[in-house]
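**Q** Mind having a look at this structure? Questions to follow.
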Amino acid sequence: MLRAAGVGLGDEVVVPAFGNVEIAEAVAMAGALPVFADIDPVTYCLDASAVEAATTPRTAAVVVVHRFGRPADITRLHAVGQRHGLLVLEQGESEAPYDEIAQRRERAAYLDAKLRGVRTPDGGDGHTYQQYVVRVPGNGRPDRDAFARALRARGVECRVPVKTPVHRLPEFRRCVSLPETERAADETLALPVDAALTKRDMQRVVGACNALGGLLQPAF
């Protein structure tokens, strides 16, 4: 899509660092330079103000990735694109069938009501819960990782959605300030909300999470 739009050597393309490296790789394959902008801490998608701040006269495009089933604020991002004459490309996630989305939302609502000690996701703007991503507050990565290990020991599957932001990877390392990206990479954990989970499974998730309150005390 970038090549078809004429994006290439000498151009810059604003992309998120929180997520898949494939986006930055695609920009580099087109001959352009990926420029990383920070995310909105609620949606985990590119923040429009951060995109505008990252824009230079060489910026040709923005690649917006909708994350975890929660869409980006595409209205504001398109407005930035229009002000600066930028191509705005969107990449979504593969959506589950409607009936499965309804079941995921039902399980997410159960977790929202029952979980203690973690910050549950904001369910606004048509969230489909491709992943149910909570935040484990505290000292950052050691607390989240200890929490994840303890959950797995209790039989609860969980995963760190973004282990290393792209701007930390050797091939794309940048000296750039992305505080929300860094914080999200250190705190986020995806809990199961698959349609196949039973009520007992969900109770196990809640029981295991809520039993770990001692790991969740913020440092002072």
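Please note that chains go A, B, ... in the order of the structure tokens, that every chain numbers its residues from 1, and that ligands are numbered from 1 in the order shown.
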Report as a VMD selection string: the residues of segment 35-179 of chain A with a DSSP assignment of helix (DSSP H, G or I), based on the backbone of this structure.
**A** chain A and resid 48 to 54 74 to 84 98 to 114 141 to 153 166 to 168 170 to 172 179
**Q** Apply DSSP to the backbone of this structure and, from segment 7-91 of chain A, keep only the residues in strand (DSSP E or B); write these as a PyMOL selection string.
**A** chain A and resi 12-16+33-37+39+46+59-65+67+70+87-91
**Q** Using only C-alpha atoms, determine which residues lie at most 12 Å from Gly85 of chain A, disregarding the query and same-chain residues fewer than 2 positions distant; provide the list as an MDAnalysis selection string.
**A** chainID A and resid 52 55:62 77:83 87:88
**Q** For all heavy atoms, I'd like the residues from the last selection saved as a compact mmCIF listing (two decimals), in the first residue's frame.
**A**
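That gives us again.txt:
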```
# COMPACT_ATOMS: atom_id res chain seq x y z
N GLU A 52 1.00 14.16 15.52
CA GLU A 52 1.22 15.52 15.01
C GLU A 52 2.60 16.03 15.44
O GLU A 52 3.32 16.67 14.66
CB GLU A 52 0.13 16.45 15.52
CG GLU A 52 0.13 17.81 14.86
CD GLU A 52 -1.25 18.37 14.65
OE1 GLU A 52 -2.14 18.09 15.49
OE2 GLU A 52 -1.45 19.08 13.65
N THR A 55 5.39 14.66 13.26
CA THR A 55 5.34 15.00 11.84
C THR A 55 6.39 16.04 11.47
O THR A 55 6.58 17.03 12.19
CB THR A 55 3.93 15.51 11.48
OG1 THR A 55 2.98 14.48 11.74
CG2 THR A 55 3.85 15.89 10.01
N THR A 56 7.07 15.80 10.37
CA THR A 56 8.07 16.74 9.84
C THR A 56 7.74 16.99 8.36
O THR A 56 6.85 16.35 7.80
CB THR A 56 9.49 16.15 9.93
OG1 THR A 56 9.65 15.13 8.93
CG2 THR A 56 9.77 15.57 11.31
N PRO A 57 8.45 17.91 7.71
CA PRO A 57 8.21 18.11 6.27
C PRO A 57 8.44 16.86 5.43
O PRO A 57 7.95 16.77 4.31
CB PRO A 57 9.21 19.22 5.92
CG PRO A 57 9.40 19.98 7.19
CD PRO A 57 9.36 18.94 8.27
N ARG A 58 9.17 15.87 5.97
CA ARG A 58 9.44 14.65 5.21
C ARG A 58 8.39 13.56 5.46
O ARG A 58 8.43 12.52 4.81
CB ARG A 58 10.83 14.11 5.60
CG ARG A 58 11.98 15.03 5.23
CD ARG A 58 13.30 14.51 5.76
NE ARG A 58 13.64 13.21 5.19
CZ ARG A 58 14.70 12.50 5.56
NH1 ARG A 58 15.50 12.96 6.52
NH2 ARG A 58 14.95 11.34 4.99
N THR A 59 7.47 13.81 6.38
CA THR A 59 6.46 12.79 6.68
C THR A 59 5.49 12.64 5.53
O THR A 59 4.90 13.63 5.06
CB THR A 59 5.69 13.15 7.97
OG1 THR A 59 6.62 13.38 9.03
CG2 THR A 59 4.74 12.02 8.36
N ALA A 60 5.33 11.41 5.06
CA ALA A 60 4.43 11.15 3.93
C ALA A 60 3.18 10.39 4.35
O ALA A 60 2.15 10.48 3.68
CB ALA A 60 5.16 10.35 2.85
N ALA A 61 3.26 9.62 5.43
CA ALA A 61 2.13 8.75 5.78
C ALA A 61 2.15 8.41 7.27
O ALA A 61 3.14 8.60 7.97
CB ALA A 61 2.19 7.46 4.95
N VAL A 62 1.01 7.91 7.71
CA VAL A 62 0.82 7.39 9.07
C VAL A 62 0.19 6.02 8.94
O VAL A 62 -0.77 5.85 8.17
CB VAL A 62 -0.10 8.30 9.92
CG1 VAL A 62 -0.26 7.73 11.33
CG2 VAL A 62 0.41 9.72 9.95
N LEU A 77 -7.12 11.21 13.98
CA LEU A 77 -5.93 10.87 13.21
C LEU A 77 -6.08 11.29 11.75
O LEU A 77 -5.13 11.80 11.14
CB LEU A 77 -5.65 9.37 13.32
CG LEU A 77 -5.11 8.95 14.69
CD1 LEU A 77 -5.29 7.44 14.90
CD2 LEU A 77 -3.64 9.33 14.84
N HIS A 78 -7.27 11.13 11.19
CA HIS A 78 -7.51 11.60 9.82
C HIS A 78 -7.43 13.12 9.76
O HIS A 78 -6.96 13.69 8.76
CB HIS A 78 -8.86 11.11 9.31
CG HIS A 78 -8.80 9.76 8.67
ND1 HIS A 78 -8.05 9.50 7.54
CD2 HIS A 78 -9.40 8.59 8.99
CE1 HIS A 78 -8.19 8.24 7.20
NE2 HIS A 78 -8.99 7.65 8.06
N ALA A 79 -7.88 13.79 10.82
CA ALA A 79 -7.80 15.26 10.85
C ALA A 79 -6.34 15.71 10.82
O ALA A 79 -5.98 16.67 10.12
CB ALA A 79 -8.50 15.79 12.09
N VAL A 80 -5.47 15.01 11.54
CA VAL A 80 -4.04 15.32 11.50
C VAL A 80 -3.51 15.09 10.09
O VAL A 80 -2.75 15.91 9.55
CB VAL A 80 -3.26 14.44 12.51
CG1 VAL A 80 -1.75 14.62 12.32
CG2 VAL A 80 -3.66 14.79 13.94
N GLY A 81 -3.92 13.98 9.49
CA GLY A 81 -3.48 13.70 8.13
C GLY A 81 -3.89 14.76 7.15
O GLY A 81 -3.10 15.17 6.28
N GLN A 82 -5.11 15.26 7.29
CA GLN A 82 -5.60 16.30 6.38
C GLN A 82 -4.84 17.61 6.58
O GLN A 82 -4.52 18.29 5.61
CB GLN A 82 -7.10 16.50 6.59
CG GLN A 82 -7.94 15.33 6.09
CD GLN A 82 -9.41 15.49 6.44
OE1 GLN A 82 -9.80 16.40 7.17
NE2 GLN A 82 -10.24 14.58 5.93
N ARG A 83 -4.54 17.94 7.83
CA ARG A 83 -3.82 19.20 8.09
C ARG A 83 -2.43 19.18 7.49
O ARG A 83 -1.92 20.21 7.05
CB ARG A 83 -3.72 19.45 9.61
CG ARG A 83 -4.95 20.03 10.22
CD ARG A 83 -4.67 20.62 11.60
NE ARG A 83 -4.25 19.63 12.58
CZ ARG A 83 -5.09 18.89 13.30
NH1 ARG A 83 -6.40 19.01 13.13
NH2 ARG A 83 -4.63 18.04 14.20
N LEU A 87 -0.92 10.61 4.00
CA LEU A 87 -1.69 9.40 3.76
C LEU A 87 -1.89 8.70 5.10
O LEU A 87 -0.92 8.49 5.83
CB LEU A 87 -0.93 8.49 2.78
CG LEU A 87 -1.52 7.11 2.53
CD1 LEU A 87 -2.81 7.21 1.73
CD2 LEU A 87 -0.50 6.25 1.79
N VAL A 88 -3.12 8.33 5.43
CA VAL A 88 -3.42 7.63 6.68
C VAL A 88 -3.89 6.22 6.34
O VAL A 88 -4.96 6.04 5.75
CB VAL A 88 -4.48 8.36 7.52
CG1 VAL A 88 -4.78 7.57 8.80
CG2 VAL A 88 -4.01 9.77 7.87
```
**Q** Quick one: residues within 8 Å of Arg104 of chain A, only C-alpha atoms, excluding same-chain residues fewer than 4 positions away - as an MDAnalysis selection string?
**A** chainID A and resid 100 108 128:130 193:195
**Q** Restricted to N, CA and C atoms, what would the selected residues look like written as a short mmCIF file (atom, residue, chain, number, x, y, z; two decimals), in the first residue's frame?
**A**
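Writing done, so here's again21.cif:
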```cif
data_model
loop_
_atom_site.label_atom_id
_atom_site.label_comp_id
_atom_site.auth_asym_id
_atom_site.auth_seq_id
_atom_site.Cartn_x
_atom_site.Cartn_y
_atom_site.Cartn_z
N GLU A 100 -19.22 -14.94 18.48
CA GLU A 100 -18.07 -15.09 19.37
C GLU A 100 -17.72 -13.76 20.03
N ALA A 108 -15.81 -10.49 29.21
CA ALA A 108 -15.11 -9.26 29.61
C ALA A 108 -15.92 -8.50 30.67
N THR A 128 -14.14 -5.19 20.85
CA THR A 128 -14.52 -6.58 20.56
C THR A 128 -13.69 -7.58 21.36
N TYR A 129 -12.76 -7.10 22.16
CA TYR A 129 -11.98 -7.95 23.07
C TYR A 129 -11.28 -9.09 22.34
N GLN A 130 -10.58 -8.74 21.26
CA GLN A 130 -9.69 -9.72 20.65
C GLN A 130 -8.67 -10.18 21.69
N VAL A 193 -10.36 -14.56 27.49
CA VAL A 193 -11.81 -14.32 27.38
C VAL A 193 -12.39 -15.11 26.20
N ASP A 194 -11.71 -16.18 25.80
CA ASP A 194 -12.16 -16.95 24.64
C ASP A 194 -13.57 -17.47 24.85
N ALA A 195 -14.28 -17.60 23.74
CA ALA A 195 -15.68 -18.06 23.80
C ALA A 195 -15.80 -19.46 24.38
#
```
**Q** Given only C-alpha atoms as the basis, pick out the residue of A:Arg183, A:His84, A:Arg144, A:Arg107 nearest to Pro165 of chain A.
**A** A:Arg183
**Q** Of the candidates A:Val133, A:Val156, A:Val166, A:Ala96, which one gets nearest to Glu187 of chain A if we count only C-alpha atoms?
**A**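 The answer is A:Val133, which sits nearest to Glu187 of chain A.
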**Q** Would you mind listing what lies within 12 Å of Leu2 of chain A as a count of residues only, with only C-alpha atoms counted and same-chain residues fewer than 5 positions away left out?
**A** 27
**Q** Using only C-alpha atoms, which residue out of A:Val205, A:Ala4, A:Ala113, A:Ile39 lies closest to Cys158 of chain A?
**A** A:Val205
**Q** Residues at most 8 Å from Phe147 of chain A, counting only C-alpha atoms, excluding those fewer than 2 positions away in the same chain, as a list in words?
**A**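 With the cut-off at 8 Å, the set is Val136, Asp143, Arg144, Asp145, Arg149, Ala150, Leu151, Leu212 and Leu215 of chain A.
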**Q** So what do you get for atom CA of Val64 of chain A versus atom CA of Pro179 of chain A, distance-wise?
**A**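 So the two atoms, atom CA of Val64 of chain A and atom CA of Pro179 of chain A, lie 18.5 Å apart.
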**Q** Using only C-alpha atoms, which of A:Thr120, A:Gly126, A:Glu106, A:Arg135 sits nearest Pro71 of chain A?
**A** A:Gly126
